[in-house]
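Worksheet: the structure to be examined is printed underneath.
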Amino acid sequence: MSEKRDGGHCWVVRWRREDGSSVLQQFLQVLPWRWNSEKVEEYLLSLHYNSPMTLVSERIDWMNSEVRLGLVVIREKERVIVGEHPYLVANLVTDFSVTYDATRGVETMSYTEPRGTRIDIEGGKVLRNSPPVKVSLELQRPSDL
């Protein structure tokens with residue numbers, strides 16, 4: 001049996017990386033739409049520095065609140081990008097919906113990423129003012145939950 005829920009407005013947070021087989025590809029978080037881009041940026045910095053891709057020894061400067069060097073930080077009204085590869089991207093979306101299929105243990109999410117800056121990882125380019133992009137993805141619920 002499937003159950004669909006429309007969430008509407010929220011920030012959707014995902015990792016962007018070239019390697020599609022990474023555990024980071026399954027990462028998706030939703031944040032309240034009322035958060036401003038500055039608060040989302042601070043949240044993304046925390047996620048980035050505590051990611052499984054970052055050694056604990058590399059977190060020392062961040063833990064001591066020293067200047068963040070080498071990280072790309074792009075903050076727009078409806079999108080925040082943080083990282084160096086992989087990148088964390090938060091998009092403020094207005095049409096988020098999710099369907100849960102209990103028989104398959106799969107959630108299917110759909111939403112539209114707003115117009116703005118995107119990083120083309122494969123092409124190695126920063127795309128400014130790119131058009132909106134419709135996204136649909138499935139996440140498998142871990143069997144041990």
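Letters for chains follow the order of the structure tokens (A, B, ...), residue numbers begin at 1 for each chain, and ligand numbers begin at 1 in the order shown.
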
Next on the checklist: Please return, as number ranges by chain, all residues of chain A that DSSP assigns to strand (DSSP E) on the basis of the backbone.
Outcome noted: A: 2-16, 29-31, 72-75, 79-83, 87-101, 106-113, 116-120, 125-130, 133-140

Checklist entry - Which residues, written as a list in words, have at least one atom at most 6 Å from stretch 87-98 of chain A, with only C-alpha atoms counted and residues fewer than 3 positions away on the same chain left out? => result Lys4, Arg5, Asp6, Gly7, Gly8, His9, Cys10, Trp11, Val12, Val13, Arg14, Trp15, Arg16, Glu78, Arg79, Val80, Ile81, Val82, Gly83, Glu84, Thr108, Met109, Ser110 and Tyr111 of chain A

Just the selected residues (N, CA, C and O atoms), exported as a compact mmCIF listing (two decimals), in the first residue's frame, please.
```txt
# COMPACT_ATOMS: atom_id res chain seq x y z
N LYS A 4 0.74 8.85 -0.03
CA LYS A 4 1.36 10.06 -0.56
C LYS A 4 1.11 11.22 0.39
O LYS A 4 0.02 11.38 0.91
N ARG A 5 2.17 12.01 0.60
CA ARG A 5 2.05 13.21 1.44
C ARG A 5 2.69 14.37 0.72
O ARG A 5 3.81 14.25 0.22
N ASP A 6 1.99 15.47 0.66
CA ASP A 6 2.53 16.69 0.07
C ASP A 6 3.04 17.57 1.19
O ASP A 6 2.29 17.95 2.08
N GLY A 7 4.33 17.87 1.15
CA GLY A 7 4.94 18.71 2.18
C GLY A 7 4.97 20.17 1.78
O GLY A 7 5.06 21.04 2.62
N GLY A 8 4.93 20.42 0.48
CA GLY A 8 4.94 21.79 0.01
C GLY A 8 6.30 22.45 0.13
O GLY A 8 7.26 22.00 -0.47
N HIS A 9 6.39 23.50 0.95
CA HIS A 9 7.60 24.31 1.08
C HIS A 9 8.57 23.69 2.08
O HIS A 9 8.18 23.32 3.18
N CYS A 10 9.85 23.62 1.69
CA CYS A 10 10.91 23.19 2.61
C CYS A 10 12.26 23.37 1.91
O CYS A 10 12.33 23.58 0.70
N TRP A 11 13.32 23.31 2.69
CA TRP A 11 14.67 23.23 2.14
C TRP A 11 14.98 21.74 1.99
O TRP A 11 14.80 20.97 2.92
N VAL A 12 15.46 21.33 0.81
CA VAL A 12 15.88 19.95 0.58
C VAL A 12 17.40 19.95 0.49
O VAL A 12 17.98 20.69 -0.31
N VAL A 13 18.05 19.12 1.31
CA VAL A 13 19.51 19.07 1.38
C VAL A 13 19.99 17.73 0.83
O VAL A 13 19.53 16.68 1.26
N ARG A 14 20.93 17.80 -0.13
CA ARG A 14 21.51 16.59 -0.72
C ARG A 14 22.97 16.83 -1.03
O ARG A 14 23.40 17.95 -1.24
N TRP A 15 23.74 15.74 -1.07
CA TRP A 15 25.13 15.79 -1.53
C TRP A 15 25.13 15.71 -3.05
O TRP A 15 24.32 15.01 -3.63
N ARG A 16 26.06 16.42 -3.68
CA ARG A 16 26.26 16.34 -5.12
C ARG A 16 27.69 15.86 -5.34
O ARG A 16 28.63 16.48 -4.89
N GLU A 78 17.37 31.18 -2.70
CA GLU A 78 16.69 29.88 -2.70
C GLU A 78 17.64 28.69 -2.84
O GLU A 78 17.20 27.57 -3.05
N ARG A 79 18.95 28.92 -2.72
CA ARG A 79 19.92 27.82 -2.83
C ARG A 79 21.18 28.17 -2.05
O ARG A 79 21.63 29.31 -2.08
N VAL A 80 21.72 27.16 -1.36
CA VAL A 80 23.00 27.30 -0.67
C VAL A 80 23.85 26.11 -1.07
O VAL A 80 23.40 24.97 -1.04
N ILE A 81 25.11 26.39 -1.46
CA ILE A 81 26.06 25.35 -1.85
C ILE A 81 27.29 25.48 -0.97
O ILE A 81 27.83 26.57 -0.82
N VAL A 82 27.73 24.37 -0.38
CA VAL A 82 28.90 24.35 0.49
C VAL A 82 29.73 23.13 0.15
O VAL A 82 29.19 22.04 -0.01
N GLY A 83 31.05 23.30 0.08
CA GLY A 83 31.91 22.14 -0.10
C GLY A 83 33.05 22.37 -1.05
O GLY A 83 33.33 23.49 -1.45
N GLU A 84 33.69 21.27 -1.42
CA GLU A 84 34.78 21.32 -2.37
C GLU A 84 34.74 20.13 -3.32
O GLU A 84 35.43 20.08 -4.27
N THR A 108 9.44 7.59 -2.49
CA THR A 108 9.68 8.30 -3.74
C THR A 108 9.39 9.77 -3.49
O THR A 108 8.28 10.14 -3.11
N MET A 109 10.41 10.60 -3.68
CA MET A 109 10.29 12.03 -3.47
C MET A 109 10.31 12.75 -4.81
O MET A 109 11.00 12.32 -5.73
N SER A 110 9.57 13.84 -4.89
CA SER A 110 9.63 14.69 -6.07
C SER A 110 9.53 16.15 -5.64
O SER A 110 8.86 16.47 -4.65
N TYR A 111 10.22 16.98 -6.38
CA TYR A 111 10.24 18.42 -6.12
C TYR A 111 10.93 19.10 -7.30
O TYR A 111 11.51 18.44 -8.16
```

Checklist entry - Hey, which of A:Leu55, A:His85, A:Arg34, A:Tyr43 ends up closest to A:Asp120? Count only C-alpha atoms. => result A:His85

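Using only C-alpha atoms, the shortest contact distance between A:Met53 and any of A:Arg115, A:Arg17, A:Lys125, A:Lys39 is found at A:Arg17.
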
Checklist entry - Hey, what's within 9 Å of A:Thr117 if we count only C-alpha atoms and toss same-chain stuff fewer than 4 positions away? As a ChimeraX atom specification, please? => result /A:74,76,79,81,126-130

Would you mind exporting the chosen residues as a compact mmCIF listing (two decimals), in the first residue's frame, restricted to N, CA and C atoms?
```
# COMPACT_ATOMS: atom_id res chain seq x y z
N ILE A 74 28.38 29.27 -1.70
CA ILE A 74 27.54 30.11 -2.55
C ILE A 74 26.18 30.19 -1.86
N GLU A 76 22.49 31.90 -2.14
CA GLU A 76 21.48 32.64 -2.87
C GLU A 76 20.20 32.62 -2.06
N ARG A 79 18.95 28.92 -2.72
CA ARG A 79 19.92 27.82 -2.83
C ARG A 79 21.18 28.17 -2.05
N ILE A 81 25.11 26.39 -1.46
CA ILE A 81 26.06 25.35 -1.85
C ILE A 81 27.29 25.48 -0.97
N VAL A 126 30.73 26.00 -13.29
CA VAL A 126 29.69 26.63 -12.47
C VAL A 126 28.69 27.23 -13.44
N LEU A 127 27.44 26.80 -13.33
CA LEU A 127 26.38 27.28 -14.21
C LEU A 127 25.56 28.33 -13.48
N ARG A 128 25.60 29.54 -13.95
CA ARG A 128 24.86 30.64 -13.33
C ARG A 128 23.47 30.76 -13.94
N ASN A 129 22.49 31.08 -13.12
CA ASN A 129 21.12 31.33 -13.55
C ASN A 129 20.56 30.18 -14.40
N SER A 130 20.84 28.96 -13.98
CA SER A 130 20.32 27.80 -14.71
C SER A 130 18.82 27.67 -14.44
```

Next on the checklist: For the structure I just gave you, how does DSSP split chain A - specifically, which residues are alpha helix (DSSP H)? Reply as a PyMOL selection string.
Outcome noted: chain A and resi 37-49+60-63

Checklist entry - What gap, in Å, lies between atom CA of A:Thr54 and atom CA of A:Leu71? => result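 Going from atom CA of A:Thr54 over to atom CA of A:Leu71 covers 12.7 Å.
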
Checklist entry - Restricting the calculation to only C-alpha atoms, which member of A:Trp62, A:Val135, A:Lys77, A:Gln25 is positioned closest to A:Val40? => result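 Closest candidate: A:Lys77.
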